[in-house]
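Listing of work_35.txt; format and content: compact mmCIF, C-alpha atoms.
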```txt
# COMPACT_ATOMS: atom_id res chain seq x y z
CA MET A 5 2.68 -50.56 -1.04
CA ASP A 6 0.95 -47.77 0.88
CA MET A 7 4.13 -47.08 2.84
CA ILE A 8 6.16 -46.80 -0.37
CA ILE A 9 3.70 -44.26 -1.78
CA GLU A 10 3.89 -42.16 1.39
CA ILE A 11 7.69 -42.34 1.33
CA LEU A 12 7.71 -41.10 -2.28
CA LYS A 13 5.46 -38.21 -1.22
CA ALA A 14 7.87 -37.40 1.62
CA LEU A 15 10.74 -37.50 -0.87
CA LEU A 16 9.00 -34.91 -3.06
CA ILE A 17 8.22 -32.66 -0.09
CA GLY A 18 11.82 -32.94 1.07
CA VAL A 19 13.04 -31.80 -2.35
CA VAL A 20 10.69 -28.81 -2.29
CA GLU A 21 11.79 -27.91 1.24
CA GLY A 22 15.48 -28.21 0.41
CA ILE A 23 15.13 -25.90 -2.59
CA THR A 24 12.71 -23.30 -1.29
CA GLU A 25 14.06 -22.94 2.26
CA TRP A 26 17.24 -21.23 1.07
CA LEU A 27 16.27 -19.61 -2.21
CA PRO A 28 14.27 -16.43 -1.48
CA ILE A 29 11.07 -17.79 -3.04
CA SER A 30 9.01 -18.86 0.04
CA SER A 31 8.92 -22.45 1.19
CA THR A 32 5.44 -21.90 2.65
CA GLY A 33 4.00 -20.80 -0.67
CA HIS A 34 5.37 -23.85 -2.43
CA MET A 35 4.30 -26.18 0.37
CA ILE A 36 0.73 -24.94 0.03
CA LEU A 37 0.79 -25.76 -3.67
CA VAL A 38 2.39 -29.17 -3.06
CA ASP A 39 -0.16 -29.97 -0.33
CA GLU A 40 -2.95 -29.18 -2.77
CA PHE A 41 -1.88 -32.02 -5.05
CA VAL A 42 0.24 -34.32 -2.83
CA LYS A 43 -1.39 -35.10 0.50
CA LEU A 44 0.31 -37.30 3.06
CA ALA A 45 -1.93 -39.97 4.59
CA VAL A 46 -0.98 -39.03 8.15
CA SER A 47 -2.68 -37.48 11.16
CA PRO A 48 -3.08 -33.67 11.21
CA GLU A 49 -0.88 -33.50 14.32
CA PHE A 50 1.93 -35.41 12.64
CA LEU A 51 1.67 -33.32 9.47
CA GLU A 52 2.12 -30.14 11.52
CA LEU A 53 5.16 -31.71 13.16
CA PHE A 54 6.56 -33.01 9.87
CA LEU A 55 6.47 -29.66 8.07
CA VAL A 56 8.50 -28.05 10.87
CA VAL A 57 10.92 -30.83 11.84
CA ILE A 58 11.83 -31.47 8.19
CA GLN A 59 13.58 -28.10 8.38
CA ILE A 60 16.16 -29.60 10.74
CA GLY A 61 17.51 -31.53 7.77
CA ALA A 62 17.80 -28.27 5.86
CA ILE A 63 19.63 -26.48 8.64
CA CYS A 64 22.08 -29.37 9.06
CA ALA A 65 23.23 -28.59 5.53
CA VAL A 66 24.34 -25.14 6.70
CA LEU A 67 26.28 -26.66 9.58
CA VAL A 68 28.05 -29.06 7.24
CA LEU A 69 28.91 -26.49 4.55
CA TYR A 70 30.04 -23.80 7.01
CA PHE A 71 31.36 -26.03 9.79
CA HIS A 72 34.87 -24.58 9.77
CA LYS A 73 33.67 -20.99 9.59
CA LEU A 74 31.20 -21.51 12.45
CA ASN A 75 33.48 -23.62 14.63
CA PRO A 76 35.23 -21.44 17.27
CA PHE A 77 37.23 -24.42 18.54
CA SER A 78 38.89 -25.31 15.23
CA PRO A 79 42.61 -26.05 15.78
CA ARG A 80 43.27 -24.59 12.32
CA LYS A 81 42.17 -21.14 13.46
CA THR A 82 44.36 -18.55 15.11
CA ALA A 83 43.35 -16.92 18.38
CA ALA A 84 42.14 -13.87 16.45
CA GLU A 85 40.08 -16.02 14.09
CA LYS A 86 38.49 -17.84 17.03
CA ARG A 87 37.53 -14.49 18.58
CA GLY A 88 36.08 -13.49 15.22
CA THR A 89 33.99 -16.68 15.16
CA TRP A 90 32.65 -16.01 18.65
CA ARG A 91 31.86 -12.47 17.56
CA LEU A 92 29.93 -13.83 14.55
CA TRP A 93 27.89 -16.09 16.83
CA GLY A 94 27.20 -13.05 18.99
CA MET A 95 25.80 -11.22 15.96
CA VAL A 96 23.64 -14.26 15.15
CA VAL A 97 22.23 -14.28 18.70
CA ILE A 98 21.47 -10.56 18.48
CA GLY A 99 19.80 -11.07 15.11
CA CYS A 100 17.55 -13.76 16.60
CA ILE A 101 16.26 -11.58 19.44
CA PRO A 102 13.34 -10.00 17.50
CA ALA A 103 12.10 -13.39 16.26
CA ALA A 104 12.39 -14.93 19.72
CA ALA A 105 10.74 -12.00 21.51
CA ILE A 106 7.92 -11.24 19.10
CA GLY A 107 7.81 -13.86 16.37
CA LEU A 108 7.17 -16.87 18.61
CA THR A 109 4.56 -14.93 20.57
CA LEU A 110 2.50 -14.12 17.47
CA ASP A 111 3.10 -17.36 15.57
CA ASP A 112 -0.18 -19.04 16.57
CA PHE A 113 -2.16 -15.90 15.70
CA PHE A 114 -0.66 -15.59 12.23
CA SER A 115 -0.95 -19.33 11.61
CA GLU A 116 -4.66 -19.22 12.44
CA TYR A 117 -5.66 -16.08 10.54
CA PHE A 118 -3.07 -15.64 7.80
CA TYR A 119 -1.99 -19.14 6.78
CA ASN A 120 -3.96 -19.25 3.55
CA ALA A 121 -3.35 -19.09 -0.18
CA TRP A 122 -4.41 -15.44 -0.48
CA THR A 123 -1.92 -14.15 2.08
CA VAL A 124 0.84 -16.28 0.59
CA ALA A 125 0.15 -15.05 -2.95
CA VAL A 126 0.11 -11.37 -1.94
CA ALA A 127 3.34 -11.76 0.07
CA LEU A 128 5.01 -13.54 -2.84
CA ILE A 129 4.14 -10.71 -5.21
CA ILE A 130 4.97 -7.83 -2.84
CA TYR A 131 8.41 -9.17 -1.96
CA GLY A 132 9.03 -10.10 -5.58
CA ILE A 133 8.46 -6.46 -6.51
CA ALA A 134 10.74 -5.43 -3.63
CA PHE A 135 13.60 -7.58 -4.96
CA ILE A 136 13.23 -6.12 -8.45
CA ALA A 137 13.06 -2.54 -7.15
CA ILE A 138 16.11 -2.92 -4.89
CA GLU A 139 18.23 -4.51 -7.61
CA ARG A 140 17.16 -1.88 -10.15
CA TYR A 141 18.27 0.78 -7.68
CA ASN A 142 21.58 -1.04 -7.21
CA ARG A 143 22.15 -1.17 -10.97
CA LYS A 144 21.57 2.59 -11.20
CA ARG A 145 24.14 3.13 -8.46
CA GLU A 146 26.57 0.86 -10.26
CA ALA A 147 26.02 2.74 -13.53
CA ALA A 148 26.61 6.07 -11.79
CA TYR A 149 29.78 4.72 -10.19
CA LEU A 150 30.99 3.36 -13.52
CA ALA A 151 30.34 6.69 -15.21
CA ALA A 152 32.23 8.57 -12.51
CA ARG A 153 35.20 6.23 -12.75
CA SER A 154 35.27 6.53 -16.53
CA GLN A 155 36.19 10.18 -16.13
CA ARG A 156 39.59 9.12 -14.79
CA ARG A 157 41.69 8.33 -17.84
CA PRO A 158 45.24 6.92 -17.80
CA ALA A 159 47.87 9.14 -19.33
CA ALA A 160 48.58 8.50 -23.01
CA GLY A 161 51.53 6.15 -23.43
CA SER A 162 51.47 5.12 -19.77
CA ARG A 163 51.70 1.52 -18.60
CA ALA A 164 47.94 1.46 -18.00
CA ASP A 165 47.32 2.81 -21.50
CA ARG A 166 49.22 -0.15 -22.95
CA GLN A 167 47.22 -2.84 -21.07
CA PRO A 168 44.67 -5.09 -22.81
CA VAL A 169 41.10 -3.80 -22.95
CA PHE A 170 38.55 -5.63 -20.76
CA GLU A 171 34.89 -5.43 -21.60
CA ARG A 172 32.27 -5.07 -18.88
CA PRO A 173 30.32 -8.34 -18.42
CA ARG A 174 27.29 -8.60 -20.68
CA GLY A 175 23.79 -9.45 -19.47
CA ARG A 176 21.19 -7.24 -17.90
CA HIS A 177 21.56 -8.79 -14.47
CA ALA A 178 25.20 -9.84 -14.68
CA ARG A 179 27.32 -8.57 -11.83
CA VAL A 180 30.69 -6.92 -12.21
CA PRO A 181 33.54 -9.22 -11.04
CA GLN A 182 35.13 -8.22 -7.76
CA ASP A 183 38.42 -7.29 -9.41
CA TYR A 184 36.84 -5.54 -12.39
CA TYR A 185 37.63 -2.05 -11.15
CA GLU A 186 41.17 -3.07 -10.30
CA ARG A 187 42.06 -4.07 -13.88
CA PRO A 188 44.24 -1.44 -15.62
CA VAL A 189 42.95 -0.97 -19.16
CA ALA A 190 43.08 1.48 -22.02
CA ALA A 191 40.66 4.38 -21.82
CA GLY A 192 37.67 3.96 -24.10
CA ALA A 193 37.08 1.76 -27.10
CA ALA A 194 36.58 2.41 -30.76
CA ASP A 195 33.11 0.86 -30.86
CA GLY A 196 31.82 3.01 -28.01
CA ARG A 197 31.44 0.17 -25.49
CA VAL A 198 31.71 1.01 -21.80
CA MET A 199 35.21 0.09 -20.68
CA ASP A 200 37.02 0.05 -17.38
CA VAL A 201 39.57 2.59 -16.26
CA CYS A 202 42.87 2.32 -14.43
CA VAL A 203 42.47 1.95 -10.68
CA GLY A 204 45.73 1.94 -8.83
CA PRO A 205 46.67 1.29 -5.21
CA GLY A 206 45.16 3.78 -2.82
CA ASP A 207 42.15 4.60 -5.00
CA ASP A 208 38.95 4.67 -3.03
CA GLY A 209 36.17 2.28 -4.03
CA ASP A 210 38.51 -0.30 -5.50
CA ASP A 211 35.71 -2.56 -6.69
CA ALA A 212 31.98 -2.61 -7.34
CA GLU A 213 30.92 -4.17 -4.04
CA ALA A 214 32.89 -1.62 -2.05
CA ALA A 215 31.08 1.11 -3.98
CA LEU A 216 27.61 -0.37 -3.53
CA PHE A 217 27.75 -1.95 -0.08
CA LYS A 218 29.45 -0.86 3.13
CA VAL A 219 29.42 -4.42 4.55
CA ARG A 220 31.16 -6.77 2.11
CA THR A 221 31.54 -9.91 4.25
CA VAL A 222 29.49 -11.47 7.02
CA ASP A 223 32.36 -10.89 9.47
CA GLU A 224 31.93 -7.11 9.08
CA ILE A 225 28.33 -7.09 10.36
CA ASP A 226 28.03 -5.14 13.61
CA TRP A 227 25.40 -5.52 16.33
CA LYS A 228 23.20 -2.69 15.03
CA THR A 229 23.07 -4.19 11.54
CA ALA A 230 22.44 -7.67 13.00
CA LEU A 231 19.52 -6.35 15.04
CA LYS A 232 18.02 -4.58 12.04
CA ILE A 233 18.28 -7.73 9.91
CA GLY A 234 16.68 -9.65 12.78
CA CYS A 235 13.71 -7.29 12.61
CA PHE A 236 13.33 -8.09 8.92
CA GLN A 237 13.52 -11.80 9.75
CA MET A 238 10.54 -11.28 12.04
CA LEU A 239 8.46 -10.34 8.97
CA ALA A 240 8.77 -13.97 7.83
CA ILE A 241 5.99 -14.77 10.31
CA ILE A 242 3.67 -13.71 7.48
CA PRO A 243 3.18 -16.81 5.28
CA GLY A 244 4.63 -16.40 1.81
CA THR A 245 7.18 -13.80 2.85
CA SER A 246 10.12 -16.24 2.89
CA ARG A 247 12.48 -16.09 5.84
CA SER A 248 15.52 -16.01 3.57
CA GLY A 249 13.84 -13.45 1.31
CA SER A 250 12.99 -11.03 4.11
CA THR A 251 16.44 -11.24 5.72
CA ILE A 252 18.30 -10.90 2.41
CA ILE A 253 16.25 -7.82 1.55
CA GLY A 254 16.85 -6.47 5.06
CA GLY A 255 20.56 -7.14 4.77
CA MET A 256 20.89 -5.30 1.47
CA LEU A 257 18.84 -2.37 2.74
CA CYS A 258 21.22 -2.22 5.72
CA GLY A 259 24.21 -1.98 3.41
CA CYS A 260 25.30 -5.62 3.21
CA SER A 261 26.56 -7.18 0.00
CA ARG A 262 24.48 -9.96 -1.54
CA THR A 263 26.97 -12.56 -0.33
CA ALA A 264 27.07 -11.22 3.23
CA ALA A 265 23.27 -10.94 3.39
CA ALA A 266 22.80 -14.50 2.13
CA GLU A 267 25.37 -16.04 4.48
CA PHE A 268 24.00 -14.19 7.50
CA THR A 269 20.55 -15.45 6.53
CA PHE A 270 21.84 -19.02 6.64
CA PHE A 271 23.44 -18.49 10.05
CA LEU A 272 20.37 -16.80 11.54
CA ALA A 273 18.33 -19.86 10.60
CA ILE A 274 20.39 -22.19 12.81
CA PRO A 275 19.00 -21.25 16.27
CA VAL A 276 15.58 -20.23 14.91
CA MET A 277 14.85 -23.41 12.96
CA PHE A 278 16.48 -25.78 15.44
CA GLY A 279 14.59 -24.17 18.31
CA TRP A 280 11.28 -24.17 16.48
CA GLY A 281 11.71 -27.81 15.40
CA LEU A 282 12.53 -28.94 18.92
CA LEU A 283 9.55 -27.05 20.35
CA LYS A 284 7.20 -28.71 17.87
CA ALA A 285 8.66 -32.14 18.63
CA LEU A 286 8.35 -31.54 22.38
CA LYS A 287 4.75 -30.38 21.97
CA PHE A 288 4.00 -33.52 19.96
CA VAL A 289 5.54 -35.84 22.56
CA LEU A 290 4.02 -34.10 25.58
CA GLY A 291 0.65 -34.28 23.87
CA GLY A 292 0.82 -38.04 24.29
CA LEU A 293 0.92 -38.69 20.56
CA ALA A 294 2.87 -41.56 19.05
CA MET A 295 4.07 -42.06 15.48
CA THR A 296 3.19 -45.05 13.37
CA GLY A 297 5.84 -46.98 11.46
CA THR A 298 4.84 -45.22 8.24
CA GLU A 299 5.08 -41.81 9.90
CA ILE A 300 8.57 -42.58 11.24
CA ALA A 301 9.70 -43.59 7.75
CA VAL A 302 8.12 -40.48 6.23
CA LEU A 303 9.84 -38.21 8.74
CA ALA A 304 13.25 -39.84 8.21
CA VAL A 305 13.02 -39.66 4.41
CA GLY A 306 11.85 -36.04 4.52
CA ILE A 307 14.71 -34.92 6.79
CA VAL A 308 17.43 -36.72 4.82
CA THR A 309 16.10 -35.48 1.47
CA ALA A 310 15.86 -31.90 2.73
CA PHE A 311 19.46 -32.15 3.95
CA VAL A 312 20.89 -33.39 0.64
CA VAL A 313 18.90 -30.99 -1.55
CA SER A 314 19.70 -28.06 0.78
CA ILE A 315 23.43 -28.60 0.27
CA LEU A 316 22.92 -28.35 -3.49
CA SER A 317 20.62 -25.32 -3.17
CA ILE A 318 23.00 -23.36 -0.95
CA LYS A 319 25.94 -24.05 -3.26
CA PHE A 320 23.85 -22.98 -6.24
CA LEU A 321 22.67 -19.75 -4.60
CA MET A 322 26.15 -18.67 -3.47
CA GLY A 323 27.57 -19.39 -6.93
CA TYR A 324 24.70 -17.62 -8.66
CA ILE A 325 24.85 -14.35 -6.72
CA LYS A 326 28.58 -14.02 -7.36
CA LYS A 327 27.71 -13.34 -11.01
CA ASN A 328 24.07 -12.19 -10.88
CA ASP A 329 21.65 -10.26 -8.71
CA PHE A 330 18.29 -11.29 -7.18
CA THR A 331 16.06 -9.93 -9.96
CA ALA A 332 15.29 -13.39 -11.37
CA PHE A 333 14.03 -14.51 -7.96
CA GLY A 334 11.79 -11.45 -7.79
CA VAL A 335 10.27 -12.27 -11.16
CA TYR A 336 9.79 -15.91 -10.16
CA ARG A 337 8.01 -14.88 -6.94
CA ILE A 338 5.59 -12.71 -8.87
CA VAL A 339 4.84 -15.51 -11.33
CA VAL A 340 4.22 -18.03 -8.53
CA GLY A 341 2.07 -15.50 -6.67
CA VAL A 342 -0.08 -14.94 -9.74
CA VAL A 343 -0.38 -18.72 -10.25
CA VAL A 344 -1.51 -19.20 -6.63
CA LEU A 345 -4.05 -16.38 -6.94
CA GLY A 346 -5.35 -17.74 -10.22
CA TYR A 347 -5.59 -21.36 -9.15
CA PHE A 348 -7.28 -20.79 -5.80
CA GLY A 349 -9.46 -18.05 -7.29
CA LEU A 350 -10.79 -20.50 -9.88
CA LYS A 351 -11.17 -23.14 -7.20
CA THR A 352 -13.16 -20.79 -4.96
CA ALA A 353 -15.37 -19.89 -7.90
CA GLY A 354 -16.10 -23.58 -8.43
CA ILE A 355 -14.46 -23.69 -11.85
CA LEU A 356 -11.81 -26.18 -10.72
```

Give the structure from the file, written as structure tokens.
Amino acid sequence: MDMIIEILKALLIGVVEGITEWLPISSTGHMILVDEFVKLAVSPEFLELFLVVIQIGAICAVLVLYFHKLNPFSPRKTAAEKRGTWRLWGMVVIGCIPAAAIGLTLDDFFSEYFYNAWTVAVALIIYGIAFIAIERYNRKREAAYLAARSQRRPAAGSRADRQPVFERPRGRHARVPQDYYERPVAAGAADGRVMDVCVGPGDDGDDAEAALFKVRTVDEIDWKTALKIGCFQMLAIIPGTSRSGSTIIGGMLCGCSRTAAAEFTFFLAIPVMFGWGLLKALKFVLGGLAMTGTEIAVLAVGIVTAFVVSILSIKFLMGYIKKNDFTAFGVYRIVVGVVVLGYFGLKTAGIL
């Protein structure tokens, strides 16, 4: 019975890991909250190992979903595509240099002095505000671009003037479809709504992402951009920052589209999380520690659950950002940060 209870706890932790590892909302922050109410009956050494190795399940989801894209030996790829895949791996290696050189060196220091609810809450709130500010800036740029394009009217009676009218997507955080600026439509509308304009072949800025971001796909990332994003990934050493959150913000600040920033975040995690998980496992084994039957079951359930839930989370995120921005995640981070501050503040005061 005790083993079943521990397995159910591992199942819950695996679900939390699978969701929060890829959404930019901080897995550490959520793990602290989960640990406050759901404590595994395992040794402290195993718990430290479990919380790191469980991430291997999450990273395996990336390998499964992007296997073809990341496989340079695929027989379905041309020679040029294989070179492009090797180039992408090169950018991933470059992006991992800051974390490998500095992050691993300072990990023990930050774990000892900053792994607490207060640091996590502040990081959640600060990066939540950053997401909101960046996306608000992007919406202003989009509005300015839309206004500038609206000045270009199709000639009266032209083919473009006779096309159906398309309305800009509604919703404060709804994104403009990739082909929105390529749709030929009539100039203006009787009810004063903002409408598209005719954009023909050869027009510069042929869609919203081209206007907002210089790097539209992950394959367009160069070594300088990869290194800069890697420096942002290094900030994830601060608990509550969120590795995916810091790299996505870094990617957008470096001119990457939301899709490119998210995908590169996934790929950067492969060597970092695999390497960190293997180091923790090696440290555990060399320390002469052995796992009990319950601990083996807990580890297996946690890894498998994180893998399955991660696949769903990644698919959700990539589908979501094709139509929306990251503002909702920023708001969520702030709310969770306030909850963490409030709960642990009341607990420290002895009220809870």

### Message
Please compute the atom CA of Glu224 of chain A-atom CA of Ala137 of chain A distance, one decimal, in Å.
### Response
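Separating atom CA of Glu224 of chain A from atom CA of Ala137 of chain A is a distance of 25.3 Å.
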
### Summary
Of A:Gly22, A:Pro48, A:Gly88, A:Pro102, the one sitting nearest Gly234 of chain A when using all atoms listed in the file is A:Pro102

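Counting all atoms listed in the file, the residue from A:Phe77, A:Phe271, A:Phe217, A:Tyr70 that sits nearest to Gln237 of chain A is A:Phe271.
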
#### Entry: Selection near Val19 of chain A, 7 Å with only C-alpha atoms, sequence-local residues under 3 positions removed, as a PyMOL selection string
chain A and resi 15-16+22-23+309-310+313

#### Entry: Spatial neighbours of Ala266 of chain A, max dist 12 Å, all atoms listed in the file, sep filter under 3 positions, as a PyMOL selection string
chain A and resi 26-28+66+220-222+233+247-256+260-263+269-273+318-326+329-330

### Message
Could you tell me how far atom CA of Glu49 of chain A sits from atom CA of Leu12 of chain A, in Å to one decimal place?
### Response
20.2 Å
